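Source file start_36.cif; content: mmCIF, C-alpha atoms.
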data_coords
#
loop_
_atom_site.label_atom_id
_atom_site.label_comp_id
_atom_site.auth_asym_id
_atom_site.auth_seq_id
_atom_site.Cartn_x
_atom_site.Cartn_y
_atom_site.Cartn_z
CA MET A 1 108.96 82.15 136.70
CA ALA A 2 108.84 84.82 133.96
CA GLU A 3 105.68 85.00 131.90
CA SER A 4 106.12 83.51 128.42
CA ARG A 5 105.03 85.12 125.17
CA ILE A 6 103.95 83.42 122.00
CA PRO A 7 106.46 84.45 119.28
CA HIS A 8 105.04 86.79 116.65
CA ALA A 9 106.04 84.25 114.01
CA ASP A 10 103.43 81.89 115.48
CA ARG A 11 100.67 84.49 115.78
CA HIS A 12 97.85 85.00 113.37
CA GLY A 13 98.09 88.53 112.04
CA LEU A 14 95.44 91.16 112.59
CA LEU A 15 92.22 91.34 114.58
CA TRP A 16 89.74 94.09 113.72
CA LEU A 17 87.46 95.50 116.43
CA GLU A 18 85.01 98.41 116.22
CA ARG A 19 81.99 99.95 117.97
CA GLY A 20 82.67 98.63 121.45
CA LYS A 21 84.74 98.64 124.61
CA LEU A 22 88.04 96.79 125.06
CA SER A 23 88.63 95.97 128.72
CA VAL A 24 89.81 93.30 131.14
CA GLU A 25 87.44 91.08 133.10
CA ASP A 26 88.75 88.42 135.49
CA GLY A 27 92.16 88.60 133.88
CA THR A 28 90.79 88.08 130.38
CA LEU A 29 90.67 90.63 127.59
CA HIS A 30 87.09 91.26 126.42
CA PHE A 31 85.50 93.35 123.72
CA LEU A 32 81.90 94.35 124.40
CA ALA A 33 80.63 95.08 120.90
CA ALA A 34 77.60 96.86 119.57
CA GLU A 35 76.11 95.75 116.26
CA SER A 36 78.26 96.72 113.26
CA GLU A 37 79.02 95.63 109.72
CA THR A 38 81.90 93.48 110.90
CA LEU A 39 80.69 92.17 114.29
CA LYS A 40 77.41 91.09 115.79
CA ALA A 41 76.57 92.59 119.17
CA GLY A 42 78.05 90.57 122.00
CA ASP A 43 80.80 90.09 124.55
CA TYR A 44 83.89 88.62 122.87
CA ALA A 45 86.89 87.07 124.62
CA ILE A 46 89.99 88.28 122.74
CA PRO A 47 92.84 85.77 122.19
CA TYR A 48 95.41 88.52 122.41
CA GLN A 49 98.35 86.15 122.98
CA GLY A 50 97.84 84.69 119.51
CA VAL A 51 97.44 88.00 117.67
CA SER A 52 100.21 90.32 116.43
CA LEU A 53 98.18 93.53 116.07
CA LEU A 54 94.76 94.64 117.30
CA LEU A 55 93.12 97.32 115.16
CA LEU A 56 90.57 99.37 117.09
CA GLY A 57 88.02 101.01 114.80
CA PRO A 58 85.62 103.95 115.21
CA GLY A 59 83.24 104.06 118.15
CA SER A 60 85.60 102.11 120.42
CA THR A 61 87.24 102.73 123.76
CA VAL A 62 90.05 100.94 125.57
CA SER A 63 90.73 100.67 129.29
CA HIS A 64 94.04 101.22 131.05
CA ASP A 65 94.04 97.56 132.16
CA ALA A 66 93.66 96.44 128.55
CA LEU A 67 96.69 98.48 127.50
CA ARG A 68 98.68 97.02 130.38
CA VAL A 69 97.79 93.43 129.42
CA LEU A 70 98.56 94.00 125.74
CA ALA A 71 101.93 95.58 126.56
CA ARG A 72 102.83 92.70 128.88
CA HIS A 73 102.26 90.16 126.12
CA GLY A 74 103.80 92.17 123.29
CA THR A 75 100.54 92.56 121.38
CA LEU A 76 100.39 95.77 119.34
CA LEU A 77 97.37 98.07 119.36
CA ALA A 78 96.52 100.77 116.85
CA ALA A 79 93.46 102.92 116.32
CA VAL A 80 92.29 102.94 112.71
CA GLY A 81 89.58 104.50 110.61
CA GLU A 82 86.79 102.33 109.27
CA GLY A 83 88.28 99.59 107.09
CA GLY A 84 91.81 100.87 107.80
CA VAL A 85 91.47 104.19 105.95
CA LYS A 86 93.21 106.04 108.79
CA PHE A 87 96.03 104.93 111.10
CA TYR A 88 96.65 106.48 114.51
CA THR A 89 99.23 105.27 116.95
CA ALA A 90 101.72 106.69 119.39
CA PRO A 91 105.25 105.25 119.13
CA PRO A 92 107.09 103.20 119.99
CA MET A 93 105.59 100.23 118.22
CA GLY A 94 107.47 97.00 117.97
CA GLN A 95 107.10 93.26 118.10
CA GLY A 96 110.00 92.32 120.35
CA ARG A 97 112.03 91.11 117.37
CA SER A 98 114.25 92.69 114.74
CA GLU A 99 114.63 90.17 111.91
CA VAL A 100 112.43 92.05 109.45
CA ALA A 101 113.95 95.41 110.36
CA ARG A 102 117.46 94.03 109.92
CA ALA A 103 116.57 92.48 106.55
CA HIS A 104 115.07 95.81 105.49
CA ALA A 105 118.15 97.73 106.64
CA ARG A 106 120.52 95.37 104.82
CA LEU A 107 118.68 95.80 101.53
CA TRP A 108 118.46 99.56 101.92
CA ALA A 109 122.14 99.99 102.90
CA ASP A 110 123.43 98.11 99.85
CA GLU A 111 123.17 100.43 96.83
CA LYS A 112 122.74 97.60 94.32
CA ALA A 113 120.19 95.76 96.48
CA ARG A 114 118.29 98.99 97.07
CA LEU A 115 118.02 99.61 93.34
CA ASP A 116 116.97 95.99 92.76
CA VAL A 117 114.08 96.41 95.19
CA ALA A 118 113.07 99.68 93.50
CA ARG A 119 113.11 97.95 90.11
CA ARG A 120 110.92 95.16 91.49
CA MET A 121 108.46 97.77 92.73
CA TYR A 122 108.27 99.31 89.27
CA ALA A 123 107.88 95.83 87.79
CA PHE A 124 104.89 95.17 90.07
CA ARG A 125 103.32 98.44 88.93
CA PHE A 126 104.01 98.25 85.21
CA GLY A 127 103.96 94.51 84.56
CA GLU A 128 107.51 94.42 83.23
CA VAL A 129 111.07 94.68 84.47
CA LEU A 130 112.49 97.95 83.19
CA PRO A 131 116.10 97.59 81.95
CA HIS A 132 117.27 100.90 83.41
CA ARG A 133 119.44 100.96 86.53
CA ASP A 134 119.34 104.69 87.25
CA ILE A 135 116.71 105.65 89.83
CA ALA A 136 116.28 109.10 88.26
CA VAL A 137 115.51 107.51 84.88
CA LEU A 138 113.06 105.10 86.51
CA ARG A 139 111.27 107.98 88.23
CA GLY A 140 111.02 109.79 84.91
CA ILE A 141 109.47 106.76 83.24
CA GLU A 142 107.08 106.41 86.16
CA GLY A 143 105.99 110.04 85.82
CA ALA A 144 105.26 109.69 82.11
CA ARG A 145 103.34 106.45 82.55
CA MET A 146 101.30 107.81 85.44
CA LYS A 147 100.24 110.82 83.38
CA ALA A 148 98.85 108.42 80.80
CA THR A 149 97.23 106.31 83.53
CA TYR A 150 95.50 109.35 85.03
CA ARG A 151 93.97 110.18 81.65
CA LEU A 152 92.90 106.59 80.97
CA VAL A 153 91.26 105.94 84.34
CA ALA A 154 89.54 109.34 84.30
CA GLU A 155 88.12 108.56 80.86
CA GLN A 156 86.93 105.14 82.04
CA HIS A 157 84.92 106.81 84.82
CA GLY A 158 83.62 109.71 82.75
CA VAL A 159 85.65 112.34 84.61
CA ASN A 160 86.91 115.48 82.88
CA TRP A 161 90.64 115.39 83.66
CA LYS A 162 92.71 118.58 83.40
CA GLY A 163 95.93 117.26 84.90
CA ARG A 164 97.36 116.61 88.34
CA ARG A 165 97.28 119.70 90.52
CA TYR A 166 98.10 119.77 94.24
CA ASP A 167 98.76 122.77 96.47
CA ARG A 168 100.08 121.49 99.80
CA GLN A 169 99.26 124.81 101.44
CA ASN A 170 95.65 124.67 100.27
CA PRO A 171 94.68 121.14 99.19
CA ASN A 172 90.99 122.01 98.87
CA ALA A 173 91.71 124.65 96.24
CA CYS A 174 92.06 122.08 93.46
CA ASP A 175 89.20 120.58 91.46
CA ILE A 176 87.11 117.64 92.65
CA PRO A 177 89.08 114.89 90.82
CA ASN A 178 92.34 116.15 92.32
CA GLN A 179 90.82 116.45 95.79
CA ALA A 180 89.52 112.91 95.42
CA ILE A 181 93.01 111.64 94.54
CA ASN A 182 94.45 113.41 97.59
CA HIS A 183 91.92 111.78 99.92
CA ALA A 184 92.17 108.33 98.32
CA ALA A 185 95.96 108.41 98.45
CA THR A 186 95.82 109.31 102.15
CA PHE A 187 93.53 106.35 102.86
CA VAL A 188 95.76 103.90 100.97
CA GLU A 189 98.83 105.25 102.74
CA ALA A 190 97.09 104.56 106.07
CA ALA A 191 96.53 100.96 104.99
CA ALA A 192 100.22 100.75 104.11
CA ASP A 193 101.06 102.17 107.56
CA VAL A 194 99.14 99.29 109.12
CA ALA A 195 100.91 96.72 106.95
CA VAL A 196 104.39 98.10 107.66
CA ALA A 197 103.71 98.23 111.41
CA ALA A 198 102.30 94.69 111.43
CA VAL A 199 105.38 93.29 109.68
CA GLY A 200 107.88 95.29 111.73
CA ALA A 201 109.59 96.98 108.75
CA LEU A 202 111.25 100.40 108.89
CA PRO A 203 109.04 103.25 107.61
CA PRO A 204 111.86 105.79 107.00
CA LEU A 205 113.92 103.50 104.73
CA GLY A 206 112.31 103.90 101.33
CA PHE A 207 113.65 102.40 98.11
CA ILE A 208 112.07 104.97 95.79
CA HIS A 209 110.93 107.74 98.11
CA GLU A 210 113.56 109.53 100.18
CA ASP A 211 113.81 111.94 103.12
CA SER A 212 110.28 111.31 104.45
CA SER A 213 109.86 109.64 107.83
CA ASN A 214 107.42 107.21 106.17
CA ALA A 215 109.25 106.79 102.84
CA PHE A 216 108.79 103.01 102.74
CA THR A 217 105.09 103.41 103.51
CA LEU A 218 104.83 105.72 100.49
CA ASP A 219 106.71 103.17 98.38
CA LEU A 220 104.24 100.48 99.38
CA ALA A 221 101.17 102.66 98.86
CA ASP A 222 102.34 103.63 95.37
CA LEU A 223 102.19 99.98 94.32
CA TYR A 224 98.40 100.38 94.51
CA ARG A 225 98.05 103.83 92.90
CA ALA A 226 96.92 102.62 89.48
CA GLU A 227 94.83 99.66 90.62
CA LEU A 228 93.24 101.15 93.74
CA VAL A 229 93.82 104.87 94.35
CA LEU A 230 92.80 106.17 90.93
CA PRO A 231 89.71 103.98 90.34
CA LEU A 232 88.53 104.79 93.87
CA ALA A 233 89.16 108.52 93.44
CA PHE A 234 87.63 108.93 89.99
CA SER A 235 84.58 106.75 90.62
CA VAL A 236 83.64 108.77 93.71
CA ALA A 237 84.58 112.08 92.07
CA LYS A 238 82.11 111.30 89.29
CA ARG A 239 79.44 110.42 91.86
CA VAL A 240 79.95 113.73 93.69
CA GLN A 241 80.03 115.76 90.49
CA ASP A 242 76.69 114.22 89.52
CA ASN A 243 75.26 114.85 92.99
CA PRO A 244 76.87 117.95 94.58
CA GLU A 245 74.98 117.37 97.83
CA LEU A 246 77.31 114.46 98.61
CA LEU A 247 80.39 115.13 100.76
CA LEU A 248 83.50 114.05 98.85
CA GLU A 249 85.69 112.98 101.77
CA ARG A 250 82.87 111.07 103.47
CA GLU A 251 81.89 109.22 100.29
CA LEU A 252 85.50 108.32 99.60
CA ARG A 253 86.09 107.14 103.15
CA LYS A 254 83.05 104.86 103.08
CA GLU A 255 83.93 103.45 99.66
CA ALA A 256 87.57 102.95 100.64
CA ALA A 257 86.55 101.04 103.79
CA ARG A 258 84.28 98.80 101.69
CA LEU A 259 87.00 98.12 99.13
CA PHE A 260 89.67 97.49 101.77
CA ARG A 261 87.51 94.80 103.35
CA LYS A 262 86.31 93.27 100.09
CA GLN A 263 89.72 93.16 98.42
CA GLN A 264 91.70 92.31 101.59
CA VAL A 265 93.99 95.22 100.83
CA ILE A 266 96.03 95.22 104.04
CA PRO A 267 96.74 91.45 104.10
CA LYS A 268 97.87 91.76 100.47
CA MET A 269 100.14 94.65 101.44
CA ILE A 270 101.62 92.56 104.24
CA ASP A 271 102.39 89.72 101.82
CA ARG A 272 103.87 92.13 99.29
CA THR A 273 106.08 93.72 101.96
CA LYS A 274 107.47 90.33 102.96
CA GLU A 275 108.09 89.52 99.31
CA LEU A 276 109.95 92.78 98.69
CA LEU A 277 112.12 92.38 101.78
CA HIS A 278 112.81 88.69 101.12
CA VAL A 279 111.47 87.56 104.48
CA ASP A 280 109.23 84.58 105.13
CA ASP A 281 106.29 84.21 107.51
CA ARG A 282 108.62 83.69 110.43
CA GLY A 283 110.14 87.14 109.98
CA GLY A 284 113.57 85.91 108.93
CA ASN A 285 115.30 85.22 105.66
CA PRO A 286 114.02 82.30 103.56
#
Since I need it in another form, could you write the structure as structure tokens?
Amino acid sequence: MAESRIPHADRHGLLWLERGKLSVEDGTLHFLAAESETLKAGDYAIPYQGVSLLLLGPGSTVSHDALRVLARHGTLLAAVGEGGVKFYTAPPMGQGRSEVARAHARLWADEKARLDVARRMYAFRFGEVLPHRDIAVLRGIEGARMKATYRLVAEQHGVNWKGRRYDRQNPNACDIPNQAINHAATFVEAAADVAVAAVGALPPLGFIHEDSSNAFTLDLADLYRAELVLPLAFSVAKRVQDNPELLLERELRKEAARLFRKQQVIPKMIDRTKELLHVDDRGGNP
């Protein structure tokens, strides 16, 4: 008889593991953990059949047998930075179902529906539904509002803001506040990567961003630019400016990991993704 799998709709989301070894003992998946902020030291039996996605944090290793068992039961595995500030995985990733992907594709393929989703994204960000139905106009409004938001948040954190500057060829050439925004945005995009993978949506099909292979991830991350990226970036930039001995990227990474855990950023992103794509907890249409 073929081995049965618990449907992803009946699984319980994410399981975070760090500072330990994931392996198989007597047919059971175990995680031998050292002491960390998230786990006490011990040998944990992992209920992998009831979990959609295992997130393996820093200081962890995984055995070949563990990968084999996870693949057999359709449980996803990704390596992440502390708190989800980085996201590393080798494709393909999938959940053995396509409902969310098909819902995503339907919305993206319909020009009116695609614009409606984009307008909802702007409404989430700005607290109002903008009346415009031209994506170029909406992007222009976004740009103007974000310029004002940069100035406001910088002022709130006592940071001298000279405008957004970013050289892709040399990202470290810009000033500390701009470097901080670059790092913080990368961390939030990694969290969005986790959320999109966990839901089974399609990263290339963005509603605002285009052309990028992770356009939808960028869409999702931008929903948190004003409320998460900028406060995180400017608060740490101020700390580093006041104490030049601190390492900017390290301080940001630690603070981002703390905030991601405290504010449950990735679970919120998962819920927001389902809301945007009009799918319920079972992965289909309501």
For Arg164 of chain A, the closest of A:Ala118, A:Leu246, A:Ile141, A:Leu230 counting all atoms listed in the file is A:Leu230
Could you pull the residues within 12 Å of Trp161 of chain A, counting all atoms listed in the file, minus those fewer than 5 positions along the same chain, as a list in words?
Lys147, Ala148, Thr149, Tyr150, Arg151, Leu152, Val153, Ala154, Glu155, Gln156, Cys174, Asp175, Ile176, Pro177, Asn178, Ile181, Leu230, Phe234, Ala237 and Lys238 of chain A
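Proximity ranking of A:Arg19, A:Arg253, A:His132, A:Arg139 relative to His209 of chain A places A:Arg139 first, based on only C-alpha atoms.
Nearest residue to Glu189 of chain A among A:Val129, A:Ala109, A:Leu202, A:Val265 is A:Val265, counting only C-alpha atoms.
Excluding Leu54 of chain A itself and same-chain residues fewer than 6 positions from it, the residues having an atom within 7 Å of it are Leu14, Leu15, Trp16, Leu76, Leu77 and Ala78 of chain A, counting only C-alpha atoms.
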Taken to one decimal, the atom CA of Glu255 of chain A-atom CA of Gly57 of chain A distance is 15.9 Å
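The residue that comes closest to Leu220 of chain A, out of A:Ile266, A:Leu232, A:Leu259, A:Val159 and on the basis of only C-alpha atoms, is A:Ile266.
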Atom CA of Lys254 of chain A to atom CA of Phe31 of chain A: how many Å, to one decimal?
23.8 Å
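Shortest atom-to-atom contact with Ile46 of chain A among A:Gly27, A:Pro131, A:Pro267, A:Gly143: A:Gly27, counting only C-alpha atoms.
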Among the residues A:Gln263, A:Pro58, A:Gly42, A:Val51, the one that comes closest to Gly74 of chain A [using only C-alpha atoms]:
A:Val51
Report as a list in words the full result of the PyMOL selection byres ((chain A and resi 68) around 12) when it is applied to this structure.
Leu22, Ser23, Val24, Gly27, Thr28, Leu29, Val62, Ser63, His64, Asp65, Ala66, Leu67, Val69, Leu70, Ala71, Arg72, His73, Gly74, Thr75, Leu76 and Leu77 of chain A
Residue list as number ranges by chain for point (88.6, 111.8, 100.2), cut-off 7 Å, all atoms listed in the file:
A: 179-180, 182-184, 248-250, 252-253
Shell around Arg261 of chain A at 10 Å using only C-alpha atoms, local window under 3 positions removed, as an MDAnalysis selection string:
chainID A and resid 38 82:84 256:258 264:267
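Between atom CA of Phe124 of chain A and atom CA of Val236 of chain A the separation is 25.5 Å.
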Chain and number of each residue from the PyMOL selection byres ((chain A and resi 188) around 8), as a count of residues only
12
Just the residues within 12 Å of Asp134 of chain A, please, counting all atoms listed in the file, with nothing from its chain fewer than 2 positions along; format it as an MDAnalysis selection string.
chainID A and resid 111:112 114:116 118:119 130:132 136:141 208
Since the input is missing atoms, can you rebuild N, CA, C and O atoms for segment 39-50 of chain A and write them as a PDB file, in the frame of the given file?
ATOM      1  N   LEU A  39      80.908  92.990 113.098  1.00  0.00           N
ATOM      2  CA  LEU A  39      80.690  92.170 114.290  1.00  0.00           C
ATOM      3  C   LEU A  39      79.228  92.224 114.713  1.00  0.00           C
ATOM      4  O   LEU A  39      78.608  93.287 114.651  1.00  0.00           O
ATOM      5  N   LYS A  40      78.718  91.091 115.151  1.00  0.00           N
ATOM      6  CA  LYS A  40      77.410  91.090 115.790  1.00  0.00           C
ATOM      7  C   LYS A  40      77.569  91.573 117.226  1.00  0.00           C
ATOM      8  O   LYS A  40      78.640  91.462 117.818  1.00  0.00           O
ATOM      9  N   ALA A  41      76.526  92.133 117.788  1.00  0.00           N
ATOM     10  CA  ALA A  41      76.570  92.590 119.170  1.00  0.00           C
ATOM     11  C   ALA A  41      76.878  91.407 120.089  1.00  0.00           C
ATOM     12  O   ALA A  41      76.376  90.297 119.891  1.00  0.00           O
ATOM     13  N   GLY A  42      77.725  91.645 121.076  1.00  0.00           N
ATOM     14  CA  GLY A  42      78.050  90.570 122.000  1.00  0.00           C
ATOM     15  C   GLY A  42      79.302  90.864 122.796  1.00  0.00           C
ATOM     16  O   GLY A  42      79.974  91.877 122.593  1.00  0.00           O
ATOM     17  N   ASP A  43      79.626  89.982 123.699  1.00  0.00           N
ATOM     18  CA  ASP A  43      80.800  90.090 124.550  1.00  0.00           C
ATOM     19  C   ASP A  43      81.812  89.043 124.071  1.00  0.00           C
ATOM     20  O   ASP A  43      81.594  87.838 124.221  1.00  0.00           O
ATOM     21  N   TYR A  44      82.908  89.507 123.479  1.00  0.00           N
ATOM     22  CA  TYR A  44      83.890  88.620 122.870  1.00  0.00           C
ATOM     23  C   TYR A  44      85.149  88.512 123.730  1.00  0.00           C
ATOM     24  O   TYR A  44      85.716  89.528 124.140  1.00  0.00           O
ATOM     25  N   ALA A  45      85.594  87.288 123.994  1.00  0.00           N
ATOM     26  CA  ALA A  45      86.890  87.070 124.620  1.00  0.00           C
ATOM     27  C   ALA A  45      87.953  87.193 123.518  1.00  0.00           C
ATOM     28  O   ALA A  45      87.825  86.590 122.454  1.00  0.00           O
ATOM     29  N   ILE A  46      88.995  88.000 123.759  1.00  0.00           N
ATOM     30  CA  ILE A  46      89.990  88.280 122.740  1.00  0.00           C
ATOM     31  C   ILE A  46      91.250  87.452 122.988  1.00  0.00           C
ATOM     32  O   ILE A  46      91.900  87.584 124.034  1.00  0.00           O
ATOM     33  N   PRO A  47      91.637  86.605 122.027  1.00  0.00           N
ATOM     34  CA  PRO A  47      92.840  85.770 122.190  1.00  0.00           C
ATOM     35  C   PRO A  47      94.105  86.560 121.884  1.00  0.00           C
ATOM     36  O   PRO A  47      94.834  86.274 120.934  1.00  0.00           O
ATOM     37  N   TYR A  48      94.361  87.557 122.729  1.00  0.00           N
ATOM     38  CA  TYR A  48      95.410  88.520 122.410  1.00  0.00           C
ATOM     39  C   TYR A  48      96.801  87.896 122.325  1.00  0.00           C
ATOM     40  O   TYR A  48      97.674  88.392 121.617  1.00  0.00           O
ATOM     41  N   GLN A  49      97.024  86.775 123.018  1.00  0.00           N
ATOM     42  CA  GLN A  49      98.350  86.150 122.980  1.00  0.00           C
ATOM     43  C   GLN A  49      98.655  85.536 121.616  1.00  0.00           C
ATOM     44  O   GLN A  49      99.813  85.290 121.300  1.00  0.00           O
ATOM     45  N   GLY A  50      97.618  85.291 120.824  1.00  0.00           N
ATOM     46  CA  GLY A  50      97.840  84.690 119.510  1.00  0.00           C
ATOM     47  C   GLY A  50      97.706  85.678 118.372  1.00  0.00           C
ATOM     48  O   GLY A  50      97.651  85.284 117.205  1.00  0.00           O
TER      49      GLY A  50
END
